[in-house]
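Participant: Okay, here's the structure, questions in a sec.
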Amino acid sequence: MQRELSRLSNWARPITIGKATLFHADCFDWIEKQEDNSIHAVVTDPPYGLHEYAPDQQLKLRNGKGGVWRIPPAFDGHVRSPLPRFTTLTDDQREQLRTFFFIWARLLLPKLVPGANVVVASNPLLSYILSGALADAGLERRGEIMRLVMTMRGGDRPKAAHEEFGDVSVMPRSMWEPWVIFRKQIEGRVQDNLRKWKTGGFRRQSPDKPFGDVIPSAPTRKNERALAPHPSLKPQAFLRRVVRGVLPLSEGTILDPFAGTGSTLAAAEVVGYRSIGIEKDRRYFELASEAIPKLIRFQPTGRG
């Protein structure tokens with residue numbers, strides 16, 4: 001009992017900013033304690049490979065010494081953000097990833113209202129594992145959002161043989177990012193579900209323009225990353241569009257169980273939605289208290 005009380009006492013008090021509340025907690029523990037049918041949508045960018053957010057790997061990242069994180073060389077005078085090496089994952093790590101998301105989705109499922117959208121960021125190398133785990137847990141696959149963004153991932157010539165194989169790219173240059181879409185099954189017809197639970201579809205961009213599954217985007221710019229220093233920060237221009245769309249009637253609560261520095265919560269606040277974030281890493285949780293207000297005030301230009 002004393003050890004449990006000590007463990008619990010290490011969690012900081014929640015942060016509330018407008019309609020957003022951020023909890024310093026383990027999302028598995030937090031989700032398990034929530035009331036059934038209390039969450040109307042999920043938008044999150046989880047640890048793609050889990051391993052890169054383990055404490056030892058985060059320490060290496062913060063010290064600038066790689067580990068599973070690849071620190072890309074500067075390009076055209078610009079310092080590039082670290083990238084986790086997903087191609088280095090072992091079979092055991094991939095199975096751990098599948099199990100992680102299966103258990104997460106099983107815990108989450110009863111807490112969602114019928115028709116709740118679950119939108120989860122992934123990458124082309126691992127999205128099949130994520131999708132399989134969420135489907136096996138009982139969520140209904142509804143496609144995916146393609147974030148069109150060209151990054152510095154892929155496209156490289158063979159290591160230590162650039163000149164010999166100058167016309168070869170080992171992997172295609174990454175030009176898109178999948179955000180898988182799942183939904184808790186609706187009750188009856190969509191119209192019935194919308195009336196009762198306020199969920200079951202996506203909010204249209206305008207009366208004559210439906211929500212689309214291809215969204216032009218751009219890498220998160222340096223001035224935005226400076227507001228919320230997280231290695232996988234997504235641009236507000238993109239997040240605000242996705243967050244706005246997941247509540248079809250603009251009613252309900254959005255959950256981000258892997259909140260990082262609070263970018264999803266900031267997007268929800270701009271749109272006018274209630275939101276809840278969960279972040280386990282104390283450093284990111286503390287950064288979020290300053291980052292969320294800054295991201296709310298941030299004015300994106302172009303695609304982000």
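For the structure tokens, the naming scheme is as follows: chains receive sequential letters (A, B, ...) according to their order of presentation, residues are indexed from 1 within each chain, and ligands are indexed from 1 in presentation order.
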Run DSSP on the backbone and grab whatever in range 61-248 of chain A lands in alpha helix (DSSP H); send it over as a VMD selection string.
Facilitator: chain A and resid 61 to 62 91 to 108 127 to 136 190 to 197 222 to 225 236 to 246
Participant: Near Ser289 in chain A, within 10 Å and counting only C-alpha atoms, which residues show up once chain neighbours fewer than 6 positions away are dropped, as a CSV table (one decimal) with N, CA and C atoms, in the first residue's frame?
Facilitator:
chain,number,residue,atom,x,y,z
A,14,PRO,N,-3.4,18.0,-12.4
A,14,PRO,CA,-3.8,18.3,-13.8
A,14,PRO,C,-3.7,19.8,-14.1
A,15,ILE,N,-3.5,20.0,-15.4
A,15,ILE,CA,-3.5,21.4,-15.9
A,15,ILE,C,-4.8,21.7,-16.7
A,16,THR,N,-5.4,22.8,-16.4
A,16,THR,CA,-6.6,23.2,-17.2
A,16,THR,C,-6.4,24.5,-17.9
A,17,ILE,N,-6.6,24.5,-19.2
A,17,ILE,CA,-6.5,25.7,-20.0
A,17,ILE,C,-7.7,25.8,-20.9
A,22,LEU,N,-5.2,18.6,-19.1
A,22,LEU,CA,-4.1,17.7,-19.3
A,22,LEU,C,-3.8,17.0,-18.0
A,228,ALA,N,6.7,24.3,-28.9
A,228,ALA,CA,6.4,23.0,-28.3
A,228,ALA,C,7.5,22.0,-28.7
A,261,THR,N,3.3,17.4,-25.8
A,261,THR,CA,3.2,18.8,-25.3
A,261,THR,C,1.9,19.5,-25.6
A,262,GLY,N,0.9,18.7,-25.9
A,262,GLY,CA,-0.5,19.3,-25.9
A,262,GLY,C,-1.0,19.8,-27.2
Participant: Which one of A:Ala25, A:Ala226, A:Ala267, A:Met146 sits closest to Val214 in chain A if you count only C-alpha atoms?
Facilitator: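 When distances to Val214 in chain A are compared using only C-alpha atoms, the smallest one comes from A:Met146.
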Participant: With only C-alpha atoms as the basis for distance, which of A:Ser232, A:Ser131, A:Asn193, A:Asn37 is at the shortest distance from Leu249 in chain A?
Facilitator: A:Asn193
Participant: Looking at A:Lys33, A:Arg203, A:Lys159, A:His40, which one is nearest to Ile276 in chain A, with distances taken over only C-alpha atoms?
Facilitator: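 Closest to Ile276 in chain A of all the choices is A:His40.
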Participant: Provide the CA of Pro47 in chain A to CA of Thr151 in chain A distance in Å, to one decimal place.
Facilitator: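 Pair CA of Pro47 in chain A / CA of Thr151 in chain A returns 18.0 Å.
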Participant: Just give me the gap between CA of Gln185 in chain A and CA of Ile39 in chain A in Å, one decimal is fine.
Facilitator: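 Taking CA of Gln185 in chain A as the start and CA of Ile39 in chain A as the end point, the length is 13.8 Å.
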Participant: What's the 12 Å shell around Gly155 in chain A, counting only C-alpha atoms, without same-chain residues fewer than 5 positions away, as an MDAnalysis selection string?
Facilitator: chainID A and resid 150 162 166:175
Participant: As JSON, numbers by chain, please: the residues near Tyr128 in chain A (cut-off 10 Å, only C-alpha atoms, same-chain neighbours under 6 positions excluded).
Facilitator: {"A": [98, 122, 180]}
Participant: Enter the distance from CA of Pro231 in chain A to CA of Ala116 in chain A, in Å, rounded to one decimal.
Facilitator: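 Going from CA of Pro231 in chain A over to CA of Ala116 in chain A, I get 28.2 Å.
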Participant: Just list the residues in range 100-280 of chain A DSSP gives strand (DSSP E or B) on the backbone, as a count of residues only.
Facilitator: 42
Participant: Mind checking which residues fall within 12 Å of Ser206 in chain A, counting only C-alpha atoms, ignoring those fewer than 3 positions away in the same chain, and posting them as a PyMOL selection string?
Facilitator: chain A and resi 202-203+209-212+244-245+248
Participant: Within 12 Å of Arg282 in chain A, counting only C-alpha atoms, which residues qualify if same-chain residues fewer than 5 places away don't, as a count of residues only?
Facilitator: 17
Participant: Give me the residues within 9 Å of Thr199 in chain A as a PDB file with C-alpha atoms, in the first residue's frame, counting only C-alpha atoms and dropping any in the same chain fewer than 3 places off.
Facilitator:
ATOM      1  CA  HIS A  40     -16.767  11.137 -28.089  1.00  0.00           C
ATOM      2  CA  ALA A  41     -13.582  10.997 -30.184  1.00  0.00           C
ATOM      3  CA  VAL A 113     -19.719   6.400 -27.003  1.00  0.00           C
ATOM      4  CA  PRO A 114     -21.175   4.430 -29.928  1.00  0.00           C
ATOM      5  CA  GLY A 115     -20.037   6.013 -33.179  1.00  0.00           C
ATOM      6  CA  ALA A 116     -16.952   7.665 -31.662  1.00  0.00           C
ATOM      7  CA  ASN A 117     -14.159   8.279 -34.167  1.00  0.00           C
ATOM      8  CA  ILE A 186     -22.994   2.684 -33.969  1.00  0.00           C
ATOM      9  CA  VAL A 190     -26.405   6.746 -38.274  1.00  0.00           C
ATOM     10  CA  ASN A 193     -26.774   7.499 -33.291  1.00  0.00           C
ATOM     11  CA  LEU A 194     -26.309  11.176 -34.120  1.00  0.00           C
ATOM     12  CA  ARG A 195     -29.464  12.093 -32.221  1.00  0.00           C
ATOM     13  CA  LYS A 196     -28.581  10.051 -29.136  1.00  0.00           C
ATOM     14  CA  PHE A 202     -17.399  13.570 -39.609  1.00  0.00           C
ATOM     15  CA  VAL A 246     -14.023  14.222 -35.693  1.00  0.00           C
ATOM     16  CA  LEU A 247     -17.076  15.633 -33.863  1.00  0.00           C
ATOM     17  CA  PRO A 248     -19.825  15.713 -36.512  1.00  0.00           C
ATOM     18  CA  LEU A 249     -22.163  17.951 -34.482  1.00  0.00           C
ATOM     19  CA  GLU A 251     -20.446  18.351 -29.406  1.00  0.00           C
ATOM     20  CA  GLY A 252     -18.567  16.075 -27.019  1.00  0.00           C
TER      21      GLY A 252
END
